[in-house]
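Here's model29.cif, which has mmCIF, C-alpha atoms; chains and numbers go by the auth columns:
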data_upload
#
loop_
_atom_site.group_PDB
_atom_site.id
_atom_site.type_symbol
_atom_site.label_atom_id
_atom_site.label_comp_id
_atom_site.label_asym_id
_atom_site.label_seq_id
_atom_site.Cartn_x
_atom_site.Cartn_y
_atom_site.Cartn_z
_atom_site.B_iso_or_equiv
_atom_site.auth_seq_id
_atom_site.auth_asym_id
ATOM 1 C CA MET A 1 90.852 119.187 128.437 0.00 39 A
ATOM 2 C CA LYS A 2 92.935 116.002 128.444 0.00 40 A
ATOM 3 C CA LYS A 3 96.576 116.304 129.559 0.00 41 A
ATOM 4 C CA SER A 4 99.551 114.011 129.982 0.00 42 A
ATOM 5 C CA SER A 5 103.311 114.327 130.363 0.00 43 A
ATOM 6 C CA LEU A 6 106.298 112.126 129.668 0.00 44 A
ATOM 7 C CA THR A 7 109.956 112.648 130.570 0.00 45 A
ATOM 8 C CA ILE A 8 112.647 110.723 128.740 0.00 46 A
ATOM 9 C CA LYS A 9 116.415 110.654 128.739 0.00 47 A
ATOM 10 C CA ALA A 10 118.204 112.071 125.708 0.00 48 A
ATOM 11 C CA ASP A 11 118.746 108.679 124.152 0.00 49 A
ATOM 12 C CA THR A 12 117.355 107.454 120.848 0.00 50 A
ATOM 13 C CA SER A 13 116.499 104.159 122.557 0.00 51 A
ATOM 14 C CA ASP A 14 113.647 106.049 124.266 0.00 52 A
ATOM 15 C CA LEU A 15 112.013 107.160 120.995 0.00 53 A
ATOM 16 C CA HIS A 16 109.815 104.073 120.819 0.00 54 A
ATOM 17 C CA MET A 17 108.503 104.931 124.284 0.00 55 A
ATOM 18 C CA VAL A 18 107.497 108.379 123.031 0.00 56 A
ATOM 19 C CA ARG A 19 105.677 106.904 120.052 0.00 57 A
ATOM 20 C CA LYS A 20 103.774 104.504 122.311 0.00 58 A
ATOM 21 C CA ALA A 21 102.808 107.312 124.720 0.00 59 A
ATOM 22 C CA LEU A 22 101.618 109.493 121.834 0.00 60 A
ATOM 23 C CA THR A 23 99.523 106.676 120.376 0.00 61 A
ATOM 24 C CA ASP A 24 97.900 106.088 123.757 0.00 62 A
ATOM 25 C CA PHE A 25 97.320 109.804 124.387 0.00 63 A
ATOM 26 C CA ILE A 26 95.855 110.682 120.984 0.00 64 A
ATOM 27 C CA GLY A 27 93.498 107.709 121.045 0.00 65 A
ATOM 28 C CA SER A 28 90.379 108.576 119.084 0.00 66 A
ATOM 29 C CA ASP A 29 91.106 112.331 118.933 0.00 67 A
ATOM 30 C CA ALA A 30 92.575 111.875 115.443 0.00 68 A
ATOM 31 C CA ASP A 31 92.191 109.316 112.682 0.00 69 A
ATOM 32 C CA SER A 32 94.930 106.773 112.104 0.00 70 A
ATOM 33 C CA ASN A 33 96.507 108.750 109.258 0.00 71 A
ATOM 34 C CA GLU A 34 96.694 111.942 111.310 0.00 72 A
ATOM 35 C CA THR A 35 97.937 110.049 114.346 0.00 73 A
ATOM 36 C CA GLY A 36 100.746 108.571 112.270 0.00 74 A
ATOM 37 C CA ARG A 37 101.773 112.018 111.049 0.00 75 A
ATOM 38 C CA ILE A 38 101.703 113.562 114.511 0.00 76 A
ATOM 39 C CA ILE A 39 103.860 110.738 115.838 0.00 77 A
ATOM 40 C CA LEU A 40 106.281 111.204 112.931 0.00 78 A
ATOM 41 C CA ALA A 41 106.511 114.971 113.570 0.00 79 A
ATOM 42 C CA ILE A 42 107.248 114.600 117.272 0.00 80 A
ATOM 43 C CA ASP A 43 109.621 111.673 116.784 0.00 81 A
ATOM 44 C CA GLU A 44 111.605 113.800 114.291 0.00 82 A
ATOM 45 C CA ALA A 45 111.713 116.781 116.653 0.00 83 A
ATOM 46 C CA ILE A 46 112.901 114.706 119.599 0.00 84 A
ATOM 47 C CA ALA A 47 115.456 112.784 117.537 0.00 85 A
ATOM 48 C CA ASN A 48 116.939 116.124 116.468 0.00 86 A
ATOM 49 C CA ILE A 49 117.115 117.325 120.080 0.00 87 A
ATOM 50 C CA ILE A 50 118.894 114.122 121.145 0.00 88 A
ATOM 51 C CA ILE A 51 121.357 114.058 118.242 0.00 89 A
ATOM 52 C CA HIS A 52 122.003 117.746 117.584 0.00 90 A
ATOM 53 C CA GLY A 53 120.929 119.466 120.826 0.00 91 A
ATOM 54 C CA TYR A 54 122.352 117.107 123.423 0.00 92 A
ATOM 55 C CA LYS A 55 124.850 115.551 120.985 0.00 93 A
ATOM 56 C CA ARG A 56 123.769 112.125 122.274 0.00 94 A
ATOM 57 C CA ASP A 57 124.667 112.919 125.892 0.00 95 A
ATOM 58 C CA ASN A 58 122.011 110.759 127.545 0.00 96 A
ATOM 59 C CA SER A 59 122.314 112.558 130.864 0.00 97 A
ATOM 60 C CA GLY A 60 120.086 115.222 129.302 0.00 98 A
ATOM 61 C CA LYS A 61 116.331 115.060 129.634 0.00 99 A
ATOM 62 C CA ILE A 62 113.369 115.901 127.426 0.00 100 A
ATOM 63 C CA ILE A 63 109.843 116.564 128.645 0.00 101 A
ATOM 64 C CA ILE A 64 106.850 116.043 126.370 0.00 102 A
ATOM 65 C CA ASP A 65 103.636 117.688 127.570 0.00 103 A
ATOM 66 C CA MET A 66 100.483 116.668 125.699 0.00 104 A
ATOM 67 C CA GLU A 67 97.139 118.467 125.639 0.00 105 A
ATOM 68 C CA SER A 68 93.921 117.819 123.756 0.00 106 A
ATOM 69 C CA ASP A 69 90.676 119.780 123.821 0.00 107 A
ATOM 70 C CA GLY A 70 88.982 117.424 121.404 0.00 108 A
ATOM 71 C CA SER A 71 89.441 119.682 118.359 0.00 109 A
ATOM 72 C CA SER A 72 93.165 120.366 118.452 0.00 110 A
ATOM 73 C CA LEU A 73 96.185 118.604 119.861 0.00 111 A
ATOM 74 C CA LYS A 74 99.084 120.486 121.433 0.00 112 A
ATOM 75 C CA PHE A 75 102.512 119.131 122.333 0.00 113 A
ATOM 76 C CA ILE A 76 105.190 121.066 124.205 0.00 114 A
ATOM 77 C CA ILE A 77 108.699 119.645 124.014 0.00 115 A
ATOM 78 C CA THR A 78 111.083 121.041 126.606 0.00 116 A
ATOM 79 C CA ASP A 79 114.825 120.406 126.668 0.00 117 A
ATOM 80 C CA TYR A 80 117.847 121.830 128.477 0.00 118 A
ATOM 81 C CA ALA A 81 120.285 121.621 125.578 0.00 119 A
ATOM 82 C CA PRO A 82 122.052 124.754 124.229 0.00 120 A
ATOM 83 C CA TRP A 83 119.754 127.335 122.671 0.00 121 A
ATOM 84 C CA PHE A 84 118.770 126.487 119.144 0.00 122 A
ATOM 85 C CA ASN A 85 115.793 127.597 117.101 0.00 123 A
ATOM 86 C CA PRO A 86 115.080 124.849 114.537 0.00 124 A
ATOM 87 C CA LEU A 87 112.556 127.073 112.773 0.00 125 A
ATOM 88 C CA GLU A 88 115.482 129.109 111.427 0.00 126 A
ATOM 89 C CA VAL A 89 116.737 126.061 109.523 0.00 127 A
ATOM 90 C CA PRO A 90 116.014 126.640 105.816 0.00 128 A
ATOM 91 C CA SER A 91 113.904 124.045 104.029 0.00 129 A
ATOM 92 C CA PRO A 92 115.937 121.755 101.769 0.00 130 A
ATOM 93 C CA ASP A 93 115.515 121.815 98.007 0.00 131 A
ATOM 94 C CA MET A 94 113.917 118.407 97.585 0.00 132 A
ATOM 95 C CA ASP A 95 115.086 117.778 94.011 0.00 133 A
ATOM 96 C CA SER A 96 118.657 118.571 94.979 0.00 134 A
ATOM 97 C CA TYR A 97 118.291 116.521 98.173 0.00 135 A
ATOM 98 C CA PHE A 98 117.347 113.378 96.316 0.00 136 A
ATOM 99 C CA ASP A 99 119.616 113.900 93.344 0.00 137 A
ATOM 100 C CA THR A 100 122.692 114.152 95.556 0.00 138 A
ATOM 101 C CA GLY A 101 121.849 111.094 97.644 0.00 139 A
ATOM 102 C CA LYS A 102 121.860 113.098 100.853 0.00 140 A
ATOM 103 C CA ASN A 103 121.155 111.282 104.101 0.00 141 A
ATOM 104 C CA GLY A 104 119.695 113.441 106.868 0.00 142 A
ATOM 105 C CA GLY A 105 118.281 116.923 107.182 0.00 143 A
ATOM 106 C CA LEU A 106 114.607 116.237 106.458 0.00 144 A
ATOM 107 C CA GLY A 107 113.310 116.159 110.026 0.00 145 A
ATOM 108 C CA VAL A 108 112.647 119.848 110.664 0.00 146 A
ATOM 109 C CA ASP A 109 111.030 120.331 107.282 0.00 147 A
ATOM 110 C CA ILE A 110 108.683 117.412 107.777 0.00 148 A
ATOM 111 C CA TYR A 111 107.456 118.458 111.214 0.00 149 A
ATOM 112 C CA LYS A 112 106.903 122.041 110.072 0.00 150 A
ATOM 113 C CA LYS A 113 104.682 120.707 107.296 0.00 151 A
ATOM 114 C CA ILE A 114 102.645 118.488 109.592 0.00 152 A
ATOM 115 C CA MET A 115 102.252 120.789 112.602 0.00 153 A
ATOM 116 C CA ASP A 116 101.990 124.476 113.450 0.00 154 A
ATOM 117 C CA VAL A 117 105.273 124.983 115.285 0.00 155 A
ATOM 118 C CA SER A 118 106.605 127.795 117.446 0.00 156 A
ATOM 119 C CA TYR A 119 109.840 128.093 119.398 0.00 157 A
ATOM 120 C CA GLU A 120 110.596 129.653 122.780 0.00 158 A
ATOM 121 C CA LYS A 121 114.051 130.133 124.227 0.00 159 A
ATOM 122 C CA ASN A 122 114.182 129.446 127.950 0.00 160 A
ATOM 123 C CA GLU A 123 116.253 132.361 129.268 0.00 161 A
ATOM 124 C CA THR A 124 117.595 130.233 132.123 0.00 162 A
ATOM 125 C CA GLY A 125 118.728 127.547 129.659 0.00 163 A
ATOM 126 C CA GLY A 126 117.096 125.229 127.198 0.00 164 A
ATOM 127 C CA ASN A 127 114.399 125.318 124.583 0.00 165 A
ATOM 128 C CA ARG A 128 110.669 124.799 124.153 0.00 166 A
ATOM 129 C CA LEU A 129 109.078 123.654 120.945 0.00 167 A
ATOM 130 C CA ILE A 130 105.311 124.062 120.804 0.00 168 A
ATOM 131 C CA MET A 131 103.623 121.891 118.189 0.00 169 A
ATOM 132 C CA VAL A 132 99.910 122.182 117.484 0.00 170 A
ATOM 133 C CA LYS A 133 97.871 120.011 115.168 0.00 171 A
ATOM 134 C CA PRO A 134 94.870 122.133 114.253 0.00 172 A
ATOM 135 C CA ALA A 135 91.822 120.414 112.837 0.00 173 A
ATOM 136 C CA ASP A 136 92.272 122.098 109.442 0.00 174 A
ATOM 137 C CA LYS A 137 95.894 121.092 108.748 0.00 175 A
ATOM 138 C CA LYS A 138 95.142 117.959 106.774 0.00 176 A
ATOM 139 C CA ASN A 139 96.061 116.529 103.413 0.00 177 A
ATOM 140 C CA ILE A 140 99.452 118.195 103.345 0.00 178 A
ATOM 141 C CA ARG A 141 101.992 117.150 100.789 0.00 179 A
ATOM 142 C CA ILE A 142 105.577 118.152 100.171 0.00 180 A
ATOM 143 C CA MET B 1 116.334 93.882 128.169 0.00 117 B
ATOM 144 C CA SER B 2 113.659 95.128 125.799 0.00 118 B
ATOM 145 C CA GLU B 3 112.660 93.278 122.662 0.00 119 B
ATOM 146 C CA ALA B 4 114.578 94.313 119.553 0.00 120 B
ATOM 147 C CA LEU B 5 112.751 97.106 117.729 0.00 121 B
ATOM 148 C CA LEU B 6 114.085 96.092 114.345 0.00 122 B
ATOM 149 C CA LYS B 7 114.902 92.743 112.824 0.00 123 B
ATOM 150 C CA ILE B 8 116.122 92.442 109.269 0.00 124 B
ATOM 151 C CA SER B 9 116.025 89.397 107.038 0.00 125 B
ATOM 152 C CA GLU B 10 117.697 89.193 103.656 0.00 126 B
ATOM 153 C CA SER B 11 117.495 86.783 100.761 0.00 127 B
ATOM 154 C CA VAL B 12 119.045 86.656 97.308 0.00 128 B
ATOM 155 C CA ASN B 13 117.413 84.673 94.514 0.00 129 B
ATOM 156 C CA ASP B 14 117.951 84.957 90.760 0.00 130 B
ATOM 157 C CA GLY B 15 120.096 88.028 91.274 0.00 131 B
ATOM 158 C CA ILE B 16 117.413 89.878 93.217 0.00 132 B
ATOM 159 C CA CYS B 17 118.078 90.807 96.834 0.00 133 B
ATOM 160 C CA VAL B 18 115.047 91.208 99.096 0.00 134 B
ATOM 161 C CA ILE B 19 115.630 93.099 102.337 0.00 135 B
ATOM 162 C CA THR B 20 112.787 92.721 104.838 0.00 136 B
ATOM 163 C CA PRO B 21 112.918 94.962 107.917 0.00 137 B
ATOM 164 C CA SER B 22 110.456 94.015 110.682 0.00 138 B
ATOM 165 C CA GLY B 23 109.559 96.578 113.314 0.00 139 B
ATOM 166 C CA ASP B 24 110.508 100.252 113.422 0.00 140 B
ATOM 167 C CA ILE B 25 113.191 102.189 111.557 0.00 141 B
ATOM 168 C CA ASP B 26 113.903 105.322 113.568 0.00 142 B
ATOM 169 C CA ALA B 27 116.977 107.305 114.632 0.00 143 B
ATOM 170 C CA HIS B 28 117.895 104.464 117.002 0.00 144 B
ATOM 171 C CA THR B 29 117.575 101.501 114.657 0.00 145 B
ATOM 172 C CA ALA B 30 118.667 103.225 111.431 0.00 146 B
ATOM 173 C CA PRO B 31 122.312 102.080 111.827 0.00 147 B
ATOM 174 C CA GLN B 32 121.138 98.433 111.651 0.00 148 B
ATOM 175 C CA PHE B 33 119.252 99.169 108.437 0.00 149 B
ATOM 176 C CA LYS B 34 122.264 101.025 107.042 0.00 150 B
ATOM 177 C CA GLU B 35 124.543 98.081 107.764 0.00 151 B
ATOM 178 C CA SER B 36 122.212 95.697 105.948 0.00 152 B
ATOM 179 C CA ILE B 37 121.956 97.917 102.867 0.00 153 B
ATOM 180 C CA GLU B 38 125.674 98.656 102.650 0.00 154 B
ATOM 181 C CA LYS B 39 126.648 95.016 103.202 0.00 155 B
ATOM 182 C CA ASN B 40 124.438 93.883 100.343 0.00 156 B
ATOM 183 C CA ILE B 41 125.551 96.566 97.920 0.00 157 B
ATOM 184 C CA ALA B 42 129.195 95.834 98.785 0.00 158 B
ATOM 185 C CA ALA B 43 128.516 92.147 98.038 0.00 159 B
ATOM 186 C CA GLY B 44 127.361 93.097 94.556 0.00 160 B
ATOM 187 C CA ASN B 45 123.640 92.830 95.194 0.00 161 B
ATOM 188 C CA ILE B 46 122.576 95.814 93.123 0.00 162 B
ATOM 189 C CA ARG B 47 118.984 94.802 92.339 0.00 163 B
ATOM 190 C CA ILE B 48 117.229 95.345 95.647 0.00 164 B
ATOM 191 C CA ILE B 49 113.607 95.103 96.720 0.00 165 B
ATOM 192 C CA PHE B 50 112.710 96.482 100.127 0.00 166 B
ATOM 193 C CA ASP B 51 109.847 94.347 101.425 0.00 167 B
ATOM 194 C CA PHE B 52 108.065 96.605 103.925 0.00 168 B
ATOM 195 C CA SER B 53 105.277 94.137 104.751 0.00 169 B
ATOM 196 C CA SER B 54 106.464 93.886 108.374 0.00 170 B
ATOM 197 C CA LEU B 55 107.608 97.490 108.798 0.00 171 B
ATOM 198 C CA ASN B 56 105.501 99.392 111.334 0.00 172 B
ATOM 199 C CA TYR B 57 107.242 102.761 111.236 0.00 173 B
ATOM 200 C CA ILE B 58 109.864 104.677 109.285 0.00 174 B
ATOM 201 C CA SER B 59 111.251 108.117 110.114 0.00 175 B
ATOM 202 C CA SER B 60 113.422 110.455 108.054 0.00 176 B
ATOM 203 C CA ALA B 61 116.452 108.494 109.296 0.00 177 B
ATOM 204 C CA GLY B 62 115.245 105.527 107.248 0.00 178 B
ATOM 205 C CA ILE B 63 114.220 107.617 104.243 0.00 179 B
ATOM 206 C CA GLY B 64 117.698 109.162 104.190 0.00 180 B
ATOM 207 C CA LEU B 65 119.236 105.685 104.045 0.00 181 B
ATOM 208 C CA LEU B 66 116.922 104.670 101.204 0.00 182 B
ATOM 209 C CA ASN B 67 117.951 107.815 99.366 0.00 183 B
ATOM 210 C CA ALA B 68 121.635 107.102 99.889 0.00 184 B
ATOM 211 C CA ALA B 69 121.051 103.521 98.691 0.00 185 B
ATOM 212 C CA LEU B 70 119.223 104.744 95.601 0.00 186 B
ATOM 213 C CA ASN B 71 122.137 106.930 94.605 0.00 187 B
ATOM 214 C CA SER B 72 124.708 104.269 95.400 0.00 188 B
ATOM 215 C CA LEU B 73 122.812 101.747 93.258 0.00 189 B
ATOM 216 C CA LYS B 74 122.466 104.209 90.382 0.00 190 B
ATOM 217 C CA GLY B 75 126.223 104.690 90.425 0.00 191 B
ATOM 218 C CA LYS B 76 126.703 100.937 90.076 0.00 192 B
ATOM 219 C CA GLY B 77 124.043 100.398 87.417 0.00 193 B
ATOM 220 C CA GLY B 78 121.648 98.893 89.940 0.00 194 B
ATOM 221 C CA LYS B 79 118.005 99.532 90.797 0.00 195 B
ATOM 222 C CA MET B 80 115.690 99.366 93.759 0.00 196 B
ATOM 223 C CA SER B 81 111.991 99.075 94.432 0.00 197 B
ATOM 224 C CA ILE B 82 109.744 99.039 97.481 0.00 198 B
ATOM 225 C CA ALA B 83 106.899 96.605 98.085 0.00 199 B
ATOM 226 C CA CYS B 84 104.074 95.953 100.538 0.00 200 B
ATOM 227 C CA ALA B 85 104.238 99.212 102.512 0.00 201 B
ATOM 228 C CA SER B 86 101.470 99.687 105.080 0.00 202 B
ATOM 229 C CA PRO B 87 99.259 102.778 104.663 0.00 203 B
ATOM 230 C CA SER B 88 101.170 104.683 107.363 0.00 204 B
ATOM 231 C CA VAL B 89 104.615 103.784 105.981 0.00 205 B
ATOM 232 C CA HIS B 90 103.413 104.642 102.467 0.00 206 B
ATOM 233 C CA ASP B 91 102.134 107.983 103.763 0.00 207 B
ATOM 234 C CA THR B 92 105.536 108.791 105.276 0.00 208 B
ATOM 235 C CA LEU B 93 107.307 107.857 102.028 0.00 209 B
ATOM 236 C CA GLU B 94 104.898 110.122 100.184 0.00 210 B
ATOM 237 C CA LEU B 95 105.240 112.997 102.665 0.00 211 B
ATOM 238 C CA MET B 96 108.985 112.875 102.200 0.00 212 B
ATOM 239 C CA TYR B 97 108.709 112.895 98.424 0.00 213 B
ATOM 240 C CA PHE B 98 110.282 109.448 98.087 0.00 214 B
ATOM 241 C CA THR B 99 107.393 107.918 96.145 0.00 215 B
ATOM 242 C CA LYS B 100 108.304 110.312 93.339 0.00 216 B
ATOM 243 C CA LYS B 101 111.768 108.748 93.210 0.00 217 B
ATOM 244 C CA VAL B 102 111.144 105.054 93.757 0.00 218 B
ATOM 245 C CA PRO B 103 108.078 102.982 92.867 0.00 219 B
ATOM 246 C CA VAL B 104 106.125 101.524 95.775 0.00 220 B
ATOM 247 C CA ARG B 105 104.368 98.344 94.672 0.00 221 B
ATOM 248 C CA LYS B 106 101.647 96.301 96.285 0.00 222 B
ATOM 249 C CA ASP B 107 103.594 93.025 96.144 0.00 223 B
ATOM 250 C CA ILE B 108 107.036 91.546 95.498 0.00 224 B
ATOM 251 C CA ASP B 109 106.154 90.259 92.023 0.00 225 B
ATOM 252 C CA SER B 110 105.221 93.767 90.884 0.00 226 B
ATOM 253 C CA ALA B 111 108.400 95.164 92.409 0.00 227 B
ATOM 254 C CA LYS B 112 110.496 92.612 90.528 0.00 228 B
ATOM 255 C CA LYS B 113 109.349 94.151 87.255 0.00 229 B
ATOM 256 C CA ASP B 114 110.908 97.488 88.283 0.00 230 B
ATOM 257 C CA ILE B 115 114.395 96.147 88.735 0.00 231 B
#
Mind turning this structure into structure tokens?
Amino acid sequence: MKKSSLTIKADTSDLHMVRKALTDFIGSDADSNETGRIILAIDEAIANIIIHGYKRDNSGKIIIDMESDGSSLKFIITDYAPWFNPLEVPSPDMDSYFDTGKNGGLGVDIYKKIMDVSYEKNETGGNRLIMVKPADKKNIRI
Amino acid sequence: MSEALLKISESVNDGICVITPSGDIDAHTAPQFKESIEKNIAAGNIRIIFDFSSLNYISSAGIGLLNAALNSLKGKGGKMSIACASPSVHDTLELMYFTKKVPVRKDIDSAKKDI
């Protein structure tokens, strides 16, 4: 089992650091296409936490725990923002989304399509998002 | 001071505006990309090619801006196309349904035919 952890401040300027850490951690455990999708999924989740959870208050922190057993990759994203379960956000109607020229609101939908995602409320404050990339979740399309 | 994550160059020739972002478009750099798009549309550049040959990464923040640009251009009788996307950027555009809305071409010359 390979493990790593990264703590960032709730600031979008740290997103590139997350993407670099994920690239380094995943290494050869996934092909380049899968790696790109995993990075996209986690980047979207963390961007949402920064913007909507912490409302860009960069005194907040986000912890990204990474685990790989060679066949599946697991990422646990912990924050201390107000409770919010993103899995309760309804998926957008894509035709309507594009026809109305909307900007924003795709992030949750995209990471739910790429990863198996579960949510845990931390009773003492904050949230945990558990994202797993199983070996069989490939070739997804919206 | 860290190196800029996104640089944007723009050119206008024969009524076609080419916007070339280099680096990453994410939730942090999206405002820069937005400013470039809006500035060009406001200047009357309504035939736009996005040259993604130097774009390493795009998140939903960037796709949302492309979608807003598409609708703004439609309202003004303009058009847009995308060229030279890397496999990973193309995959993200496809995952987010955008390739069904805007053509993604292998080079600038092909993109010019769309607009």
How would you write, as a VMD selection string, the residues chosen by the PyMOL selection byres ((chain B and resi 150) around 12) on this structure?
-> (chain A and resid 141) or (chain B and resid 124 135 137 141 to 149 151 to 158 177 to 185)
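With CA of Met196 (chain B) on one side and CA of Arg163 (chain B) on the other, the separation reads 5.8 Å.
Distance-wise, CA of Ile164 (chain B) and CA of Val134 (chain B) end up 5.8 Å apart.
Within the 9 Å cut-off around region 126-128 of chain A, using all atoms listed in the file and omitting residues fewer than 2 positions from it on the same chain, the listed residues are Phe122, Asn123, Pro124, Pro130, Val146 and Asp147 of chain A.
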Would you mind exporting C-alpha atoms of the selected residues as a JSON list (two decimals), in the coordinates of the input?
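Resulting contents of out.json:
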[["chain", "number", "residue", "atom", "x", "y", "z"],
["A", 122, "PHE", "CA", 118.77, 126.49, 119.14],
["A", 123, "ASN", "CA", 115.79, 127.60, 117.10],
["A", 124, "PRO", "CA", 115.08, 124.85, 114.54],
["A", 130, "PRO", "CA", 115.94, 121.76, 101.77],
["A", 146, "VAL", "CA", 112.65, 119.85, 110.66],
["A", 147, "ASP", "CA", 111.03, 120.33, 107.28]]
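Among the candidates B:Lys216, B:Asp167, B:Ile162, B:Ser204, the residue lying nearest to Lys190 (chain B) is B:Ile162 (atoms considered: all atoms listed in the file).
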With N, CA, C and O atoms as the goal, would you fill in the gaps in region 50-64 of chain A and present it as a tab-separated table (two decimals), keeping the file's coordinate frame?
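Resulting contents of rebuild_2.tsv:
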chain	number	residue	atom	x	y	z
A	50	THR	N	118.27	107.89	121.91
A	50	THR	CA	117.36	107.45	120.85
A	50	THR	C	116.64	106.14	121.20
A	50	THR	O	115.61	105.84	120.61
A	51	SER	N	117.17	105.40	122.16
A	51	SER	CA	116.50	104.16	122.56
A	51	SER	C	115.15	104.45	123.24
A	51	SER	O	114.35	103.53	123.41
A	52	ASP	N	114.93	105.70	123.63
A	52	ASP	CA	113.65	106.05	124.27
A	52	ASP	C	112.60	106.52	123.25
A	52	ASP	O	111.45	106.77	123.63
A	53	LEU	N	112.97	106.64	121.98
A	53	LEU	CA	112.01	107.16	121.00
A	53	LEU	C	110.77	106.27	120.88
A	53	LEU	O	109.66	106.76	120.71
A	54	HIS	N	110.97	104.97	120.96
A	54	HIS	CA	109.82	104.07	120.82
A	54	HIS	C	108.83	104.29	121.96
A	54	HIS	O	107.62	104.15	121.79
A	55	MET	N	109.36	104.67	123.13
A	55	MET	CA	108.50	104.93	124.28
A	55	MET	C	107.64	106.18	124.03
A	55	MET	O	106.47	106.24	124.40
A	56	VAL	N	108.24	107.16	123.38
A	56	VAL	CA	107.50	108.38	123.03
A	56	VAL	C	106.37	108.04	122.06
A	56	VAL	O	105.23	108.48	122.22
A	57	ARG	N	106.70	107.24	121.05
A	57	ARG	CA	105.68	106.90	120.05
A	57	ARG	C	104.51	106.15	120.69
A	57	ARG	O	103.35	106.37	120.36
A	58	LYS	N	104.83	105.26	121.62
A	58	LYS	CA	103.77	104.50	122.31
A	58	LYS	C	102.91	105.45	123.15
A	58	LYS	O	101.67	105.35	123.14
A	59	ALA	N	103.55	106.37	123.87
A	59	ALA	CA	102.81	107.31	124.72
A	59	ALA	C	101.91	108.21	123.86
A	59	ALA	O	100.77	108.51	124.25
A	60	LEU	N	102.42	108.63	122.72
A	60	LEU	CA	101.62	109.49	121.83
A	60	LEU	C	100.41	108.74	121.30
A	60	LEU	O	99.30	109.26	121.25
A	61	THR	N	100.63	107.50	120.89
A	61	THR	CA	99.52	106.68	120.38
A	61	THR	C	98.43	106.54	121.44
A	61	THR	O	97.24	106.72	121.17
A	62	ASP	N	98.86	106.26	122.67
A	62	ASP	CA	97.90	106.09	123.76
A	62	ASP	C	97.17	107.40	124.05
A	62	ASP	O	95.97	107.41	124.31
A	63	PHE	N	97.92	108.52	124.03
A	63	PHE	CA	97.32	109.80	124.39
A	63	PHE	C	96.32	110.25	123.32
A	63	PHE	O	95.21	110.69	123.64
A	64	ILE	N	96.71	110.17	122.07
A	64	ILE	CA	95.86	110.68	120.98
A	64	ILE	C	94.57	109.87	120.89
A	64	ILE	O	93.48	110.42	120.74
